[in-house]
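What follows is one structure encoded as structure tokens, with my remarks underneath.
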Amino acid sequence: MRKVLHKGESAPDILGIDVIWPASLADDLVDLRPYLSSEISSQDSNLVANYTVQGKVVAIPFRTHVGVLAYRIDLLQRYGYSHPPKTWDELESMAARIQAGERARGRKNFWGYVWQGAATEGLTCNALEWQAAEGGGRVVEDDQSISINNTHAVRAWERAAHWVGRISPPGVVSYRETDSLNVWNSGNAAFLRSWEWADHMARSGKSPMQQYTGLTSMPGDGRGQVSALGGYGLAVPRSSAHLQEAIALIRFLLSMDLQGARVPANQLPRHFENLPRVLQPPDPSGLRSQQIRLVSRPADLTGDRYQTVTEAYSQAVHSVLTGQKTAPDAAAELEKRLVQVTGLRTAPPPARK
């Protein structure tokens, strides 16, 4: 991306940048606050904060993605469940029962739960959801401390490792987004961790599962449910030769009328307060009444070091999922590695509110 930003006159005038990129690209991006103050003030402050670096708004939220749990409406009904799981205990129980039932019906390749277990950014998002729901923090906290070596995170990792080969296929530890979606679209899973755009695609007629797919928030530990934050914002490179035109186009793209036309296609609207309204499964007793608590990856706190941090984190979690290390050992080793990389102190995660 930096190569693109440094192309001078041939550089693009507008960029879509991932929610994890602002801190590492900030020096090469225009502060949008002087140009789009009214548009920024109309955004949810929690989302804007993810694109703000040292007081400068270097991108404005445009697409907001959240982690969600897809479930098979027909199978929940077949096995007598009136609602999707709200806790990990419920998911484990429901997944195991449906899996056993479907295999007894001759579907030997059926699994209860599929997700993204390869040591990539997808696993970072999954594992952050697990541990944040347990009170295990977000690896690096707002007070610039490293919190990863705690019992809550360890317990969350151990729980996920127990899924492998039981309610999740042994190969889940190599699954990326497309792999888990392929299993889902083949009808061989009861539950899928994904992003909400996958459900919109399913309902658009591009998936054989479209009529059977329900959507709800990620399970929690009974005291809270957490979804990872994804998406991207619009930014203007400092090298842009057409700043005013770029600002005008962003303002146009952010217009409410255009947003209303975009929503049915495949994305959520950018406003955080709309998330619970838009993320509605076919069962109206589901997500409609839920409040989604989001966890951000610590890219805003680690800047250029984020890639090293997320790789170390996903590899540590992966080592637990594959049985190469125990969760306590992996967390302790990861803590040492992150202290070395970031120079930050260690501390327990903040208490849940």
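Ligands are numbered from 1 in the order shown, residues from 1 within each chain, and chains are lettered A, B, ... in the order they appear in the structure tokens.
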For this session: Could you tell me, as a ChimeraX atom specification, which residues of range 161-233 of chain A DSSP assigns to alpha helix (DSSP H) when given the backbone?
Result: /A:161-163,177-185,196-201
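For Val48 in chain A, the list of residues within 7 Å, based on only C-alpha atoms and with local chain neighbours fewer than 4 positions off taken out, reads Gln43, Asp44, Thr52, Ile60 and Pro61 of chain A.
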Problem set entry | Shell of 7 Å around range 87-96 of chain A, only C-alpha atoms, local chain residues under 2 positions omitted, as a list in words | Pro85, Ile98, Gln99, Ala100, Gly112, Tyr113, Ile167, Ala190, Pro219, Gly220, Asp221 and Gly222 of chain A
For this session: May I ask which of the residues A:Thr346, A:Thr216, A:Gln116, A:Ser240 is the closest one to Gly171 in chain A, counting only C-alpha atoms?
Result: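 Result for the nearest residue to Gly171 in chain A: A:Gln116.
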Problem set entry | Residue contacts of range 18-22 of chain A (7 Å, only C-alpha atoms) excluding same-chain residues fewer than 5 positions away, as number ranges by chain | A: 50-51, 58, 230-233, 299
Would you save the residues of that selection, restricted to C-alpha atoms, as a compact mmCIF listing (two decimals), in the first residue's frame?
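That gives us selection.txt:
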```txt
# COMPACT_ATOMS: atom_id res chain seq x y z
CA ASN A 50 -10.81 3.47 14.63
CA TYR A 51 -9.79 5.78 11.80
CA VAL A 58 -7.31 9.85 8.22
CA GLY A 230 -14.09 -5.18 10.38
CA GLY A 231 -14.70 -3.06 7.33
CA TYR A 232 -12.99 -0.17 5.64
CA GLY A 233 -13.04 3.58 5.31
CA ALA A 299 -3.95 -1.99 15.24
```
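Take CA of Val339 in chain A and CA of Leu47 in chain A: the distance between them is 27.7 Å.
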Exercise. Can you tell me, as a PyMOL selection string, what residues are no more than 12 Å from Glu311 in chain A when counting only C-alpha atoms, ignoring any on the same chain fewer than 6 positions away?
Worked result: chain A and resi 118-125+305+317-318+334+337-338+341
Selection export as a PDB file, in the first residue's frame, atoms kept: C-alpha atoms:
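That gives us selection_1.pdb:
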```
ATOM      1  CA  ALA A 118      -5.650 -21.034   9.891  1.00  0.00           C
ATOM      2  CA  ALA A 119      -2.947 -18.837  11.433  1.00  0.00           C
ATOM      3  CA  THR A 120      -4.106 -15.713   9.590  1.00  0.00           C
ATOM      4  CA  GLU A 121      -6.022 -12.523  10.317  1.00  0.00           C
ATOM      5  CA  GLY A 122      -9.203 -14.574  10.304  1.00  0.00           C
ATOM      6  CA  LEU A 123      -8.038 -16.499  13.368  1.00  0.00           C
ATOM      7  CA  THR A 124      -7.081 -13.226  15.061  1.00  0.00           C
ATOM      8  CA  CYS A 125     -10.696 -12.086  14.684  1.00  0.00           C
ATOM      9  CA  ARG A 305       4.077  -3.141  14.536  1.00  0.00           C
ATOM     10  CA  VAL A 317      -3.512 -19.465  19.236  1.00  0.00           C
ATOM     11  CA  HIS A 318      -2.908 -21.861  16.349  1.00  0.00           C
ATOM     12  CA  LEU A 334       3.315 -14.620  23.409  1.00  0.00           C
ATOM     13  CA  ARG A 337       7.282 -11.805  22.350  1.00  0.00           C
ATOM     14  CA  LEU A 338       4.915  -8.820  22.378  1.00  0.00           C
ATOM     15  CA  VAL A 341       8.192  -6.188  19.798  1.00  0.00           C
TER      16      VAL A 341
END
```
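Among the candidate residues A:Arg293, A:Arg166, A:Lys325, A:Arg138, the one lying nearest to Pro349 in chain A is A:Arg138, with distances computed using only C-alpha atoms.
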